[in-house]
file entry_31.txt (compact mmCIF, C-alpha atoms and all ligand atoms)
# COMPACT_ATOMS: atom_id res chain seq x y z
CA MET A 23 -39.03 -65.22 -83.90
CA ARG A 24 -39.22 -61.51 -84.60
CA ARG A 25 -42.18 -59.84 -86.31
CA LYS A 26 -41.38 -57.86 -89.44
CA GLU A 27 -44.43 -55.63 -89.91
CA ILE A 28 -44.59 -51.89 -89.06
CA ILE A 29 -45.90 -51.36 -85.52
CA SER A 30 -48.03 -48.28 -85.02
CA GLY A 31 -48.53 -46.65 -81.63
CA PHE A 32 -45.72 -48.72 -80.09
CA SER A 33 -45.00 -46.27 -77.28
CA LYS A 34 -48.63 -46.41 -76.14
CA LEU A 35 -48.63 -50.18 -75.72
CA SER A 36 -48.07 -51.74 -72.31
CA ARG A 37 -44.78 -53.54 -71.72
CA GLU A 38 -46.47 -56.91 -72.33
CA GLU A 39 -48.12 -55.68 -75.52
CA LYS A 40 -44.80 -54.31 -76.77
CA VAL A 41 -43.23 -57.75 -76.49
CA ASP A 42 -46.25 -59.28 -78.28
CA ALA A 43 -45.86 -56.74 -81.05
CA LEU A 44 -42.15 -57.53 -81.46
CA THR A 45 -42.11 -61.30 -81.45
CA HIS A 46 -44.11 -64.42 -82.23
CA ASN A 47 -42.46 -65.98 -79.24
CA ALA A 48 -43.73 -63.50 -76.67
CA GLU A 49 -44.06 -65.79 -73.67
CA LYS A 50 -40.47 -66.99 -73.76
CA ILE A 51 -39.03 -63.57 -74.55
CA ARG A 52 -41.12 -61.94 -71.83
CA SER A 53 -39.82 -64.34 -69.24
CA GLN A 54 -36.20 -63.71 -70.38
CA LEU A 55 -36.73 -59.97 -70.21
CA ASP A 56 -38.48 -60.24 -66.85
CA SER A 57 -35.61 -62.17 -65.37
CA PHE A 58 -33.45 -59.05 -65.74
CA ARG A 59 -35.98 -56.72 -64.14
CA LEU A 60 -35.47 -55.63 -60.54
CA GLN A 61 -37.53 -57.05 -57.68
CA ASN A 62 -37.71 -53.61 -56.10
CA LYS A 63 -40.70 -52.03 -57.88
CA GLU A 64 -39.83 -48.48 -56.95
CA GLN A 65 -36.33 -48.78 -58.42
CA GLN A 66 -37.59 -50.61 -61.50
CA ASP A 67 -40.22 -47.92 -62.12
CA LEU A 68 -37.49 -45.33 -61.87
CA LEU A 69 -35.34 -47.11 -64.45
CA ASP A 70 -38.34 -47.67 -66.72
CA GLU A 71 -38.95 -43.94 -66.78
CA ILE A 72 -35.38 -42.84 -67.43
CA SER A 73 -35.84 -43.53 -71.12
CA GLU A 74 -38.66 -44.73 -73.39
CA ASN A 75 -40.18 -48.02 -74.52
CA THR A 76 -38.33 -49.81 -71.72
CA LEU A 77 -38.70 -53.58 -71.68
CA SER A 78 -36.00 -54.67 -69.28
CA ASN A 79 -32.59 -53.71 -67.91
CA PHE A 80 -29.26 -54.19 -69.66
CA TYR A 81 -26.65 -54.96 -67.04
CA LEU A 82 -23.03 -53.97 -67.28
CA PRO A 83 -20.40 -54.70 -64.65
CA PHE A 84 -19.95 -51.96 -62.05
CA GLY A 85 -16.38 -52.29 -60.76
CA VAL A 86 -13.80 -50.28 -58.89
CA ALA A 87 -10.21 -49.38 -59.72
CA PRO A 88 -8.72 -48.75 -56.28
CA ASN A 89 -5.83 -46.68 -55.01
CA PHE A 90 -5.70 -43.66 -57.24
CA ALA A 91 -3.55 -41.01 -55.57
CA ILE A 92 -4.59 -37.75 -57.23
CA ASN A 93 -3.23 -34.45 -55.92
CA ASN A 94 -2.46 -36.23 -52.63
CA HIS A 95 -6.02 -37.53 -52.17
CA LEU A 96 -6.79 -41.22 -52.41
CA TYR A 97 -9.72 -42.31 -54.55
CA HIS A 98 -11.21 -45.70 -55.33
CA ILE A 99 -12.73 -45.05 -58.73
CA PRO A 100 -16.01 -46.65 -59.83
CA MET A 101 -16.01 -47.83 -63.44
CA VAL A 102 -18.76 -49.32 -65.57
CA ILE A 103 -17.36 -51.15 -68.57
CA GLU A 104 -18.06 -54.25 -70.61
CA GLU A 105 -14.49 -54.74 -71.82
CA SER A 106 -12.30 -57.07 -69.83
CA SER A 107 -8.88 -55.83 -68.67
CA VAL A 108 -9.82 -52.14 -68.53
CA ILE A 109 -10.35 -52.07 -64.76
CA ALA A 110 -7.35 -54.36 -64.25
CA ALA A 111 -5.15 -52.00 -66.33
CA ALA A 112 -6.42 -48.89 -64.51
CA SER A 113 -5.81 -50.54 -61.12
CA ARG A 114 -2.33 -51.66 -62.09
CA SER A 115 -1.37 -48.16 -63.24
CA ALA A 116 -2.98 -46.59 -60.15
CA LYS A 117 -0.90 -48.84 -57.90
CA PHE A 118 2.31 -48.06 -59.76
CA TRP A 119 1.78 -44.31 -59.68
CA ALA A 120 0.57 -44.29 -56.05
CA GLU A 121 4.10 -45.51 -55.25
CA HIS A 122 5.76 -42.96 -57.57
CA GLY A 123 4.27 -39.58 -56.76
CA GLY A 124 0.66 -40.11 -57.77
CA PHE A 125 -1.36 -38.33 -60.42
CA ASN A 126 -1.27 -34.55 -60.62
CA ALA A 127 -4.28 -32.80 -62.06
CA ARG A 128 -5.44 -29.26 -62.71
CA VAL A 129 -8.66 -27.83 -64.04
CA VAL A 130 -7.65 -25.18 -66.55
CA SER A 131 -11.09 -23.72 -67.25
CA VAL A 132 -14.80 -24.52 -66.82
CA ILE A 133 -16.62 -22.57 -69.51
CA LYS A 134 -19.25 -24.22 -71.72
CA SER A 135 -21.10 -22.73 -74.64
CA GLY A 136 -24.14 -22.84 -76.85
CA GLN A 137 -25.36 -21.05 -79.93
CA VAL A 138 -28.41 -19.49 -81.42
CA HIS A 139 -28.01 -20.01 -85.17
CA PHE A 140 -29.89 -17.42 -87.19
CA THR A 141 -30.16 -15.63 -90.50
CA TRP A 142 -30.51 -11.86 -90.85
CA LYS A 143 -30.83 -9.95 -94.07
CA GLY A 144 -29.58 -6.53 -92.98
CA GLU A 145 -26.06 -5.11 -93.03
CA LYS A 146 -23.58 -6.57 -90.57
CA ALA A 147 -22.65 -3.06 -89.36
CA LYS A 148 -26.24 -2.46 -88.33
CA LEU A 149 -26.33 -5.75 -86.45
CA LEU A 150 -23.21 -4.71 -84.56
CA ASP A 151 -24.85 -1.35 -83.75
CA LEU A 152 -27.87 -3.15 -82.35
CA LEU A 153 -25.84 -5.62 -80.35
CA PRO A 154 -25.48 -3.71 -77.04
CA GLU A 155 -29.24 -3.18 -76.82
CA LEU A 156 -29.94 -6.74 -77.92
CA LYS A 157 -27.55 -8.08 -75.29
CA TYR A 158 -29.27 -6.03 -72.63
CA GLU A 159 -32.60 -7.65 -73.63
CA LEU A 160 -31.03 -11.12 -73.71
CA TYR A 161 -29.66 -10.79 -70.17
CA ARG A 162 -32.93 -9.26 -68.97
CA SER A 163 -35.14 -11.96 -70.46
CA THR A 164 -33.04 -14.83 -69.03
CA LYS A 165 -32.73 -13.29 -65.57
CA GLU A 166 -35.29 -15.61 -64.02
CA LEU A 167 -33.87 -18.69 -65.70
CA THR A 168 -30.36 -17.94 -64.50
CA ARG A 169 -31.25 -16.81 -60.96
CA ASN A 170 -30.40 -20.10 -59.19
CA MET A 171 -27.26 -20.67 -61.20
CA ARG A 172 -26.10 -17.10 -60.48
CA GLN A 173 -26.74 -17.67 -56.77
CA ARG A 174 -24.48 -20.73 -56.97
CA GLY A 175 -21.76 -18.61 -58.61
CA GLY A 176 -22.39 -19.48 -62.26
CA GLY A 177 -24.60 -18.28 -65.10
CA ILE A 178 -24.08 -16.61 -68.45
CA GLN A 179 -20.48 -15.52 -68.90
CA GLY A 180 -20.63 -13.74 -72.23
CA ILE A 181 -22.58 -13.18 -75.45
CA LYS A 182 -20.77 -12.75 -78.73
CA LEU A 183 -21.89 -12.29 -82.32
CA VAL A 184 -20.22 -14.57 -84.86
CA ASP A 185 -20.45 -13.64 -88.53
CA LEU A 186 -20.56 -16.65 -90.84
CA SER A 187 -22.35 -14.89 -93.67
CA GLU A 188 -19.40 -15.60 -95.99
CA GLU A 189 -19.92 -19.32 -95.44
CA MET A 190 -23.71 -19.29 -95.82
CA ASN A 191 -25.90 -16.39 -96.96
CA ASN A 192 -27.03 -14.17 -94.06
CA TYR A 193 -25.91 -16.70 -91.44
CA TYR A 194 -24.83 -15.51 -87.97
CA GLN A 195 -24.51 -17.05 -84.57
CA LEU A 196 -25.05 -15.78 -81.12
CA HIS A 197 -22.30 -17.58 -79.23
CA VAL A 198 -23.13 -17.68 -75.54
CA THR A 199 -20.77 -18.88 -72.83
CA PHE A 200 -21.85 -20.34 -69.49
CA ASP A 201 -20.51 -21.51 -66.17
CA THR A 202 -22.81 -24.28 -64.99
CA MET A 203 -20.95 -24.99 -61.72
CA ASP A 204 -21.45 -28.61 -60.60
CA SER A 205 -24.09 -29.50 -63.17
CA MET A 206 -23.30 -30.65 -66.68
CA GLY A 207 -25.80 -27.95 -67.55
CA ALA A 208 -27.31 -29.16 -70.82
CA ASN A 209 -30.89 -28.33 -69.82
CA PHE A 210 -29.89 -25.01 -68.31
CA ILE A 211 -27.95 -23.96 -71.40
CA ASN A 212 -30.64 -25.09 -73.84
CA SER A 213 -33.39 -23.31 -71.87
CA CYS A 214 -31.38 -20.08 -71.85
CA LEU A 215 -30.67 -20.35 -75.58
CA GLU A 216 -34.30 -21.01 -76.47
CA GLN A 217 -35.35 -18.01 -74.40
CA MET A 218 -32.72 -15.91 -76.18
CA ALA A 219 -34.04 -17.07 -79.55
CA LYS A 220 -37.54 -15.89 -78.56
CA THR A 221 -36.17 -12.58 -77.30
CA MET A 222 -34.30 -11.99 -80.53
CA THR A 223 -37.34 -12.82 -82.65
CA LYS A 224 -39.36 -10.27 -80.71
CA PHE A 225 -36.54 -7.74 -80.82
CA PHE A 226 -36.33 -7.76 -84.61
CA LYS A 227 -40.10 -7.70 -84.96
CA TYR A 228 -40.75 -4.70 -82.71
CA TYR A 229 -37.54 -2.67 -82.58
CA LYS A 230 -38.17 0.86 -83.78
CA ASP A 231 -36.29 2.27 -86.78
CA LEU A 232 -35.65 -0.94 -88.69
CA LYS A 233 -35.97 -1.12 -92.46
CA GLU A 234 -38.18 -3.83 -93.91
CA GLU A 235 -35.27 -6.21 -94.75
CA GLU A 236 -33.80 -5.67 -91.27
CA ARG A 237 -36.87 -7.30 -89.82
CA ASP A 238 -36.09 -10.43 -91.85
CA PHE A 239 -34.69 -12.46 -89.01
CA GLU A 240 -35.05 -16.23 -88.62
CA VAL A 241 -33.86 -18.53 -85.87
CA ILE A 242 -32.59 -21.76 -87.44
CA MET A 243 -31.89 -23.54 -84.13
CA SER A 244 -30.68 -23.04 -80.59
CA ILE A 245 -28.55 -25.67 -78.90
CA LEU A 246 -25.59 -26.13 -76.59
CA SER A 247 -22.29 -27.22 -78.07
CA ASN A 248 -20.73 -30.44 -76.87
CA TYR A 249 -17.36 -29.02 -77.86
CA THR A 250 -16.01 -27.34 -74.74
CA PRO A 251 -12.38 -26.34 -75.42
CA ASP A 252 -12.64 -23.93 -72.48
CA CYS A 253 -13.73 -26.63 -70.05
CA LEU A 254 -10.33 -28.21 -69.90
CA VAL A 255 -8.43 -30.50 -67.56
CA GLU A 256 -4.80 -31.57 -67.43
CA CYS A 257 -3.51 -34.65 -65.68
CA TRP A 258 0.06 -35.87 -65.53
CA VAL A 259 2.40 -38.30 -63.87
CA GLU A 260 6.14 -37.88 -63.49
CA CYS A 261 9.07 -39.66 -61.93
CA ASP A 262 12.82 -40.10 -62.25
CA VAL A 263 13.68 -42.41 -65.11
CA GLU A 264 15.32 -44.87 -62.68
CA GLU A 265 12.00 -45.29 -60.88
CA LEU A 266 10.81 -47.07 -64.02
CA ASP A 267 13.50 -49.74 -63.63
CA LYS A 268 11.11 -52.21 -62.05
CA ILE A 269 8.36 -51.81 -64.61
CA GLN A 270 9.51 -54.69 -66.76
CA PRO A 271 12.00 -57.36 -65.74
CA GLY A 272 15.00 -57.23 -68.03
CA MET A 273 14.33 -53.68 -69.20
CA SER A 274 15.95 -50.64 -67.63
CA GLY A 275 13.85 -47.59 -66.76
CA LYS A 276 15.78 -45.63 -69.38
CA VAL A 277 15.05 -48.12 -72.16
CA PHE A 278 11.40 -48.33 -71.10
CA ALA A 279 10.99 -44.55 -70.96
CA GLU A 280 12.57 -44.06 -74.37
CA LYS A 281 10.46 -46.76 -75.99
CA PHE A 282 7.34 -45.41 -74.28
CA MET A 283 8.17 -41.92 -75.61
CA LYS A 284 8.42 -43.29 -79.14
CA ALA A 285 5.07 -45.05 -78.79
CA ALA A 286 3.47 -41.85 -77.48
CA LYS A 287 5.06 -39.83 -80.29
CA ILE A 288 3.72 -42.26 -82.92
CA ALA A 289 0.22 -41.54 -81.60
CA GLU A 290 0.87 -37.83 -82.17
CA LEU A 291 2.07 -38.46 -85.72
CA ASP A 292 -0.15 -41.16 -87.14
CA VAL A 293 -3.92 -40.96 -87.28
CA TYR A 294 -4.44 -44.75 -87.30
CA ARG A 295 -2.47 -45.14 -84.10
CA ALA A 296 -3.90 -41.94 -82.59
CA THR A 297 -7.43 -43.31 -82.86
CA THR A 298 -6.60 -46.52 -80.99
CA HIS A 299 -4.45 -44.66 -78.48
CA ASN A 300 -7.31 -42.25 -77.70
CA LYS A 301 -9.81 -45.11 -77.63
CA GLY A 302 -7.72 -46.57 -74.81
CA ILE A 303 -7.96 -43.25 -72.94
CA PHE A 304 -11.73 -43.26 -73.35
CA ASN A 305 -11.87 -46.83 -72.02
CA GLY A 306 -11.14 -45.26 -68.63
CA ILE A 307 -12.97 -41.98 -69.11
CA ASP A 308 -16.23 -43.49 -70.40
CA ALA A 309 -16.22 -46.08 -67.64
CA VAL A 310 -16.09 -43.36 -64.98
CA ALA A 311 -18.64 -41.29 -66.89
CA LEU A 312 -21.07 -44.20 -66.90
CA ALA A 313 -20.47 -45.05 -63.26
CA THR A 314 -21.22 -41.46 -62.25
CA GLY A 315 -24.23 -40.89 -64.53
CA ASN A 316 -22.46 -38.67 -67.06
CA ASP A 317 -23.01 -38.50 -70.82
CA PHE A 318 -20.22 -40.51 -72.39
CA ARG A 319 -21.28 -39.71 -75.99
CA ALA A 320 -20.88 -36.00 -75.32
CA ILE A 321 -17.54 -36.64 -73.64
CA GLU A 322 -16.22 -38.69 -76.56
CA ALA A 323 -17.41 -36.26 -79.24
CA ASN A 324 -15.75 -33.44 -77.31
CA GLY A 325 -12.45 -35.27 -76.89
CA HIS A 326 -12.19 -36.32 -80.52
CA VAL A 327 -12.80 -32.79 -81.82
CA TRP A 328 -10.19 -31.47 -79.39
CA ALA A 329 -7.81 -34.13 -80.71
CA SER A 330 -8.31 -32.65 -84.21
CA LYS A 331 -7.94 -29.00 -83.21
CA THR A 332 -4.75 -28.50 -85.24
CA GLY A 333 -6.47 -29.81 -88.38
CA ARG A 334 -4.96 -33.26 -87.95
CA TYR A 335 -6.30 -35.87 -85.52
CA LYS A 336 -3.70 -36.56 -82.83
CA SER A 337 -3.29 -38.27 -79.49
CA LEU A 338 -4.52 -36.45 -76.39
CA THR A 339 -1.31 -37.19 -74.51
CA HIS A 340 2.28 -36.04 -74.54
CA ALA A 341 5.36 -37.75 -73.15
CA SER A 342 8.69 -36.15 -72.39
CA ILE A 343 11.99 -36.87 -70.69
CA SER A 344 13.80 -33.84 -69.40
CA TYR A 345 16.66 -33.68 -66.88
CA ASN A 346 16.11 -37.38 -66.18
CA LYS A 347 12.41 -36.87 -65.38
CA PHE A 348 9.86 -38.91 -67.27
CA ARG A 349 6.58 -37.01 -67.61
CA TYR A 350 3.35 -38.15 -69.24
CA GLN A 351 0.42 -35.78 -69.62
CA LEU A 352 -3.17 -35.98 -70.80
CA THR A 353 -5.03 -32.79 -71.68
CA LEU A 354 -8.64 -32.80 -72.78
CA PRO A 355 -11.94 -31.00 -72.50
CA LEU A 356 -14.32 -32.75 -70.11
CA SER A 357 -17.79 -31.49 -69.44
CA LEU A 358 -19.11 -33.34 -66.40
CA GLY A 359 -21.74 -32.94 -63.75
CA THR A 360 -22.06 -34.14 -60.18
CA VAL A 361 -25.54 -32.76 -59.58
CA GLY A 362 -28.69 -33.02 -61.68
CA GLY A 363 -29.48 -35.38 -64.53
CA LEU A 364 -28.79 -39.03 -63.93
CA THR A 365 -26.18 -38.30 -61.25
CA ASN A 366 -28.73 -38.29 -58.44
CA LEU A 367 -31.45 -40.28 -60.18
CA HIS A 368 -29.67 -43.53 -60.96
CA PRO A 369 -29.03 -45.39 -57.70
CA LEU A 370 -25.67 -46.71 -58.86
CA ALA A 371 -24.51 -43.37 -60.28
CA LYS A 372 -25.38 -41.87 -56.91
CA PHE A 373 -23.41 -44.62 -55.21
CA GLY A 374 -20.49 -44.07 -57.60
CA LEU A 375 -20.33 -40.43 -56.63
CA GLU A 376 -20.62 -41.29 -52.94
CA LEU A 377 -17.70 -43.68 -53.33
CA LEU A 378 -15.68 -40.74 -54.65
CA GLY A 379 -16.69 -38.62 -51.65
CA LYS A 380 -19.34 -36.58 -53.52
CA PRO A 381 -16.87 -34.61 -55.62
CA SER A 382 -17.49 -31.26 -57.23
CA ALA A 383 -17.62 -31.26 -61.04
CA LYS A 384 -14.06 -29.89 -61.08
CA GLU A 385 -12.83 -32.68 -58.83
CA LEU A 386 -14.62 -35.25 -61.00
CA MET A 387 -12.91 -33.79 -64.10
CA MET A 388 -9.53 -34.50 -62.48
CA ILE A 389 -10.52 -37.98 -61.28
CA THR A 390 -11.89 -38.93 -64.69
CA ALA A 391 -8.82 -37.64 -66.49
CA ALA A 392 -6.64 -39.68 -64.13
CA ALA A 393 -8.62 -42.82 -65.01
CA GLY A 394 -8.13 -42.07 -68.71
CA LEU A 395 -4.40 -41.50 -68.27
CA ALA A 396 -4.07 -44.63 -66.13
CA ASN A 397 -5.71 -46.79 -68.78
CA ASN A 398 -3.61 -45.31 -71.53
CA PHE A 399 -0.39 -45.61 -69.53
CA GLY A 400 -1.30 -49.25 -68.83
CA ALA A 401 -1.94 -49.93 -72.52
CA LEU A 402 1.35 -48.34 -73.65
CA ARG A 403 3.23 -50.06 -70.86
CA SER A 404 2.02 -53.43 -72.14
CA LEU A 405 2.41 -52.53 -75.80
CA VAL A 406 6.07 -51.59 -75.48
CA THR A 407 6.94 -54.55 -73.25
CA THR A 408 4.97 -57.81 -73.28
CA GLY A 409 2.40 -56.91 -75.93
CA ILE A 410 -1.25 -56.40 -75.20
CA GLN A 411 -2.48 -59.95 -75.62
CA GLN A 412 -0.80 -61.40 -72.55
CA GLY A 413 -2.98 -59.42 -70.15
CA HIS A 414 -6.03 -59.48 -72.38
CA MET A 415 -5.92 -63.20 -72.92
CA LYS A 416 -6.40 -64.03 -69.25
CA MET A 417 -9.69 -62.16 -69.24
CA HIS A 418 -10.54 -63.36 -72.73
CA LEU A 419 -10.03 -66.94 -71.55
CA SER A 420 -12.32 -66.34 -68.62
CA ASN A 421 -15.02 -64.93 -70.94
CA LEU A 422 -14.63 -67.89 -73.33
CA LEU A 423 -14.85 -70.36 -70.46
CA ASN A 424 -18.02 -68.69 -69.23
CA SER A 425 -19.52 -68.77 -72.70
CA LEU A 426 -18.73 -72.52 -72.83
CA LYS A 427 -20.40 -72.87 -69.42
CA ALA A 428 -17.23 -74.35 -67.92
CA ASP A 429 -17.48 -75.40 -64.28
CA TYR A 430 -14.93 -74.63 -61.55
CA GLU A 431 -12.71 -77.65 -62.26
CA GLU A 432 -12.80 -77.15 -66.04
CA LYS A 433 -11.82 -73.51 -65.54
CA ARG A 434 -8.97 -74.46 -63.22
CA GLN A 435 -7.55 -76.93 -65.75
CA ALA A 436 -8.00 -74.54 -68.66
CA ILE A 437 -6.23 -71.68 -66.85
CA GLU A 438 -3.30 -73.98 -66.11
CA TYR A 439 -3.23 -75.37 -69.66
CA PHE A 440 -3.42 -71.98 -71.40
CA ALA A 441 -1.00 -70.19 -69.04
CA HIS A 442 1.67 -70.07 -71.75
CA LYS A 443 -0.41 -70.81 -74.84
CA THR A 444 -2.28 -68.64 -77.31
CA VAL A 445 -5.97 -68.48 -76.49
CA SER A 446 -8.55 -68.81 -79.24
CA TYR A 447 -12.18 -69.86 -79.17
CA SER A 448 -11.54 -73.05 -81.12
CA GLU A 449 -8.58 -74.08 -78.93
CA VAL A 450 -10.48 -73.47 -75.71
CA GLU A 451 -13.59 -75.22 -77.02
CA ALA A 452 -11.50 -78.24 -78.08
CA PHE A 453 -9.79 -78.34 -74.68
CA ILE A 454 -13.09 -78.25 -72.74
CA LYS A 455 -14.56 -80.89 -75.06
CA SER A 456 -11.56 -83.12 -74.44
CA ILE A 457 -12.03 -82.87 -70.64
CA ARG A 458 -15.73 -83.60 -70.97
CA THR A 459 -15.13 -86.60 -73.26
CA LYS A 460 -12.56 -88.04 -70.85
CA LEU A 461 -15.14 -87.88 -68.08
CA GLN A 462 -17.79 -89.79 -70.05
C1 LIG B 1 -8.20 -51.68 -76.16
O1 LIG B 1 -9.51 -51.47 -75.74
C2 LIG B 1 -7.41 -50.41 -76.04
C3 LIG B 1 -6.00 -50.47 -76.60
O2 LIG B 1 -6.00 -50.91 -77.96
C4 LIG B 1 -5.44 -49.07 -76.50
C5 LIG B 1 -4.10 -48.87 -77.16
O3 LIG B 1 -3.76 -49.58 -78.12
O4 LIG B 1 -3.41 -47.92 -76.74
C6 LIG B 1 -5.15 -51.46 -75.84
call {"tool": "encode", "arguments": {"input": "entry_31.txt", "output": "structure tokens"}}
result
Amino acid sequence: MRRKEIISGFSKLSREEKVDALTHNAEKIRSQLDSFRLQNKEQQDLLDEISENTLSNFYLPFGVAPNFAINNHLYHIPMVIEESSVIAAASRSAKFWAEHGGFNARVVSVIKSGQVHFTWKGEKAKLLDLLPELKYELYRSTKELTRNMRQRGGGIQGIKLVDLSEEMNNYYQLHVTFDTMDSMGANFINSCLEQMAKTMTKFFKYYKDLKEEERDFEVIMSILSNYTPDCLVECWVECDVEELDKIQPGMSGKVFAEKFMKAAKIAELDVYRATTHNKGIFNGIDAVALATGNDFRAIEANGHVWASKTGRYKSLTHASISYNKFRYQLTLPLSLGTVGGLTNLHPLAKFGLELLGKPSAKELMMITAAAGLANNFGALRSLVTTGIQQGHMKMHLSNLLNSLKADYEEKRQAIEYFAHKTVSYSEVEAFIKSIRTKLQ
């Protein structure tokens, strides 16, 4: 029974007190929550401290989609996902493409950015005049912060003034670009931007020869952008159309490829389909992001904006048939890290990266894109042949049987019974009930 009153000072309460404050049924709830806590105190403490007000752990399956041949390297890709069939679909596509030339991938660019948003009341021309000196101060004042990153080959790549004063009175941006090497770089970028904001505030306060209104400078905010159109990866598969002959019994490779092309084209044309199509891509991408300790919300936001870059939301993929070659490509911005953040802190994220051979961020971009393409290829393959439910229903049935607490024999009979029937909760429940009644 949950409590409904406002709780003050919640974060300061102990874990036990937090449960007391949340529920009238604390003892029972505490024991349920405790049953999901780790025995290993050191690891549990670590998880408790990753975020705030932690009561327990929320488990998700950590699985592997094996046999991804990407640029002639073989990877077994870790995936964390709650949805059944995603890992099965990725594995099935990986196997198919491993036998047909593998995945090709290329990192196009690795630049990320952030902005200092500010207002300034002077003339734009004056701001442009001041820019070289201001930039000098910005580089100088962030020198210490960027030292390590520069030593690793990254750092600030450019500083640009963006005039948005037509959109909002006196509004400008300092648009700063970064190369953060193998780290996702959020903390690095935000620290640099906040330092730049301080430097600018000081600059406009103390710079000689400024009129009164030219000292009227205000920082609104300083933050990285999760949109990284210049941190881009491409991944594609291709084969002769005849190599698709075996994809679906009774369907030639040519018929399959042409139908697949139409399905892919529909996702470029229609926003309703594009959303679901891209969701299927992110089934794979998010699962790898989670398994490697990357920020899947940032990744999704980034991908969806990229998908809308022409002004209309579209699919992230493109299919073509040219000179008898079927080609299917995914292009998207992916900002990932393989050092820092959760990547080394979370024991399973660390393991996930080890399983991939401790890739660089660039390598992980290609691996992750391949997982996204594999899932999407698998979805389209099913959609244009058997329909999606056939594959899904097997896993759905297994989930339903588990929720009905079916034992081994009940599961065996149910799988046989539903092999060629439509699965629904009520049908499965009725079937299990009928077995149990017979046994009484
Ligand atoms: C389900 O999670 C994803 C799909 O709907 C994707 C698609 O329709 O392309 C199967």
call {"tool": "closest_residue", "arguments": {"input": "entry_31.txt", "among": "A:Cys257, A:Leu375, A:Met218, A:Ala391", "to": "Ile321 (chain A)", "atoms": "only C-alpha atoms"}}
result
A:Ala391
call {"tool": "residues_around", "arguments": {"input": "entry_31.txt", "residues": "region 446-460 of chain A", "least_positions_apart": "4", "cutoff": "8 Å", "atoms": "all atoms listed in the file", "output": "PyMOL selection string"}}
result
chain A and resi 419+422-423+426+428+432+436
call {"tool": "write_last_selection", "arguments": {"input": "entry_31.txt", "atoms": "C-alpha atoms", "output": "short mmCIF file (atom, residue, chain, number, x, y, z; two decimals), in the coordinates of the input"}}
result
data_model
loop_
_atom_site.label_atom_id
_atom_site.label_comp_id
_atom_site.auth_asym_id
_atom_site.auth_seq_id
_atom_site.Cartn_x
_atom_site.Cartn_y
_atom_site.Cartn_z
CA LEU A 419 -10.03 -66.94 -71.55
CA LEU A 422 -14.63 -67.89 -73.33
CA LEU A 423 -14.85 -70.36 -70.46
CA LEU A 426 -18.73 -72.52 -72.83
CA ALA A 428 -17.23 -74.35 -67.92
CA GLU A 432 -12.80 -77.15 -66.04
CA ALA A 436 -8.00 -74.54 -68.66
#
call {"tool": "residues_around", "arguments": {"input": "entry_31.txt", "residues": "Ala309 (chain A)", "least_positions_apart": "2", "cutoff": "9 Å", "atoms": "only C-alpha atoms", "output": "PyMOL selection string"}}
result
chain A and resi 84+100-104+108-109+304-307+311-314+318+390+393
call {"tool": "closest_residue", "arguments": {"input": "entry_31.txt", "among": "A:Leu82, A:Ile410, A:Leu461, A:Val263", "to": "ligand LIG 1 (chain B)", "atoms": "only C-alpha atoms and all ligand atoms"}}
result
A:Ile410
call {"tool": "residues_around", "arguments": {"input": "entry_31.txt", "residues": "Asp201 (chain A)", "least_positions_apart": "4", "cutoff": "9 Å", "atoms": "all atoms listed in the file", "output": "PyMOL selection string"}}
result
chain A and resi 132-135+171+175-179+207
call {"tool": "residues_near_ligand", "arguments": {"input": "entry_31.txt", "ligand": "ligand LIG 1 (chain B)", "cutoff": "12 Å", "atoms": "only C-alpha atoms and all ligand atoms", "output": "number ranges by chain"}}
result
A: 103-109, 111-112, 282, 285-286, 288-289, 294-306, 308-309, 337-339, 394-406, 409-414
call {"tool": "closest_residue", "arguments": {"input": "entry_31.txt", "among": "A:Ala120, A:Val130, A:Val184, A:Leu367", "to": "Val198 (chain A)", "atoms": "only C-alpha atoms"}}
result
A:Val184
call {"tool": "residues_near_point", "arguments": {"input": "entry_31.txt", "point": "(-34.8, -4.4, -96.7)", "cutoff": "12 Å", "atoms": "all atoms listed in the file", "output": "JSON list (two decimals) with C-alpha atoms, in the coordinates of the input"}}
result
[["chain", "number", "residue", "atom", "x", "y", "z"],
["A", 142, "TRP", "CA", -30.51, -11.86, -90.85],
["A", 143, "LYS", "CA", -30.83, -9.95, -94.07],
["A", 144, "GLY", "CA", -29.58, -6.53, -92.98],
["A", 145, "GLU", "CA", -26.06, -5.11, -93.03],
["A", 232, "LEU", "CA", -35.65, -0.94, -88.69],
["A", 233, "LYS", "CA", -35.97, -1.12, -92.46],
["A", 234, "GLU", "CA", -38.18, -3.83, -93.91],
["A", 235, "GLU", "CA", -35.27, -6.21, -94.75],
["A", 236, "GLU", "CA", -33.80, -5.67, -91.27],
["A", 237, "ARG", "CA", -36.87, -7.30, -89.82],
["A", 238, "ASP", "CA", -36.09, -10.43, -91.85],
["A", 239, "PHE", "CA", -34.69, -12.46, -89.01]]
call {"tool": "closest_residue", "arguments": {"input": "entry_31.txt", "among": "A:Leu352, A:Ala147, A:Val361, A:Leu60", "to": "Gly315 (chain A)", "atoms": "all atoms listed in the file"}}
result
A:Val361
call {"tool": "atom_distance", "arguments": {"input": "entry_31.txt", "atom1": "CA of Arg59 (chain A)", "atom2": "CA of Ser78 (chain A)"}}
result
5.5 Å
call {"tool": "atom_distance", "arguments": {"input": "entry_31.txt", "atom1": "CA of Ser425 (chain A)", "atom2": "CA of Ala110 (chain A)"}}
result
20.7 Å
call {"tool": "closest_residue", "arguments": {"input": "entry_31.txt", "among": "A:Ala43, A:Tyr158, A:Arg114, A:Leu149", "to": "Tyr194 (chain A)", "atoms": "all atoms listed in the file"}}
result
A:Leu149
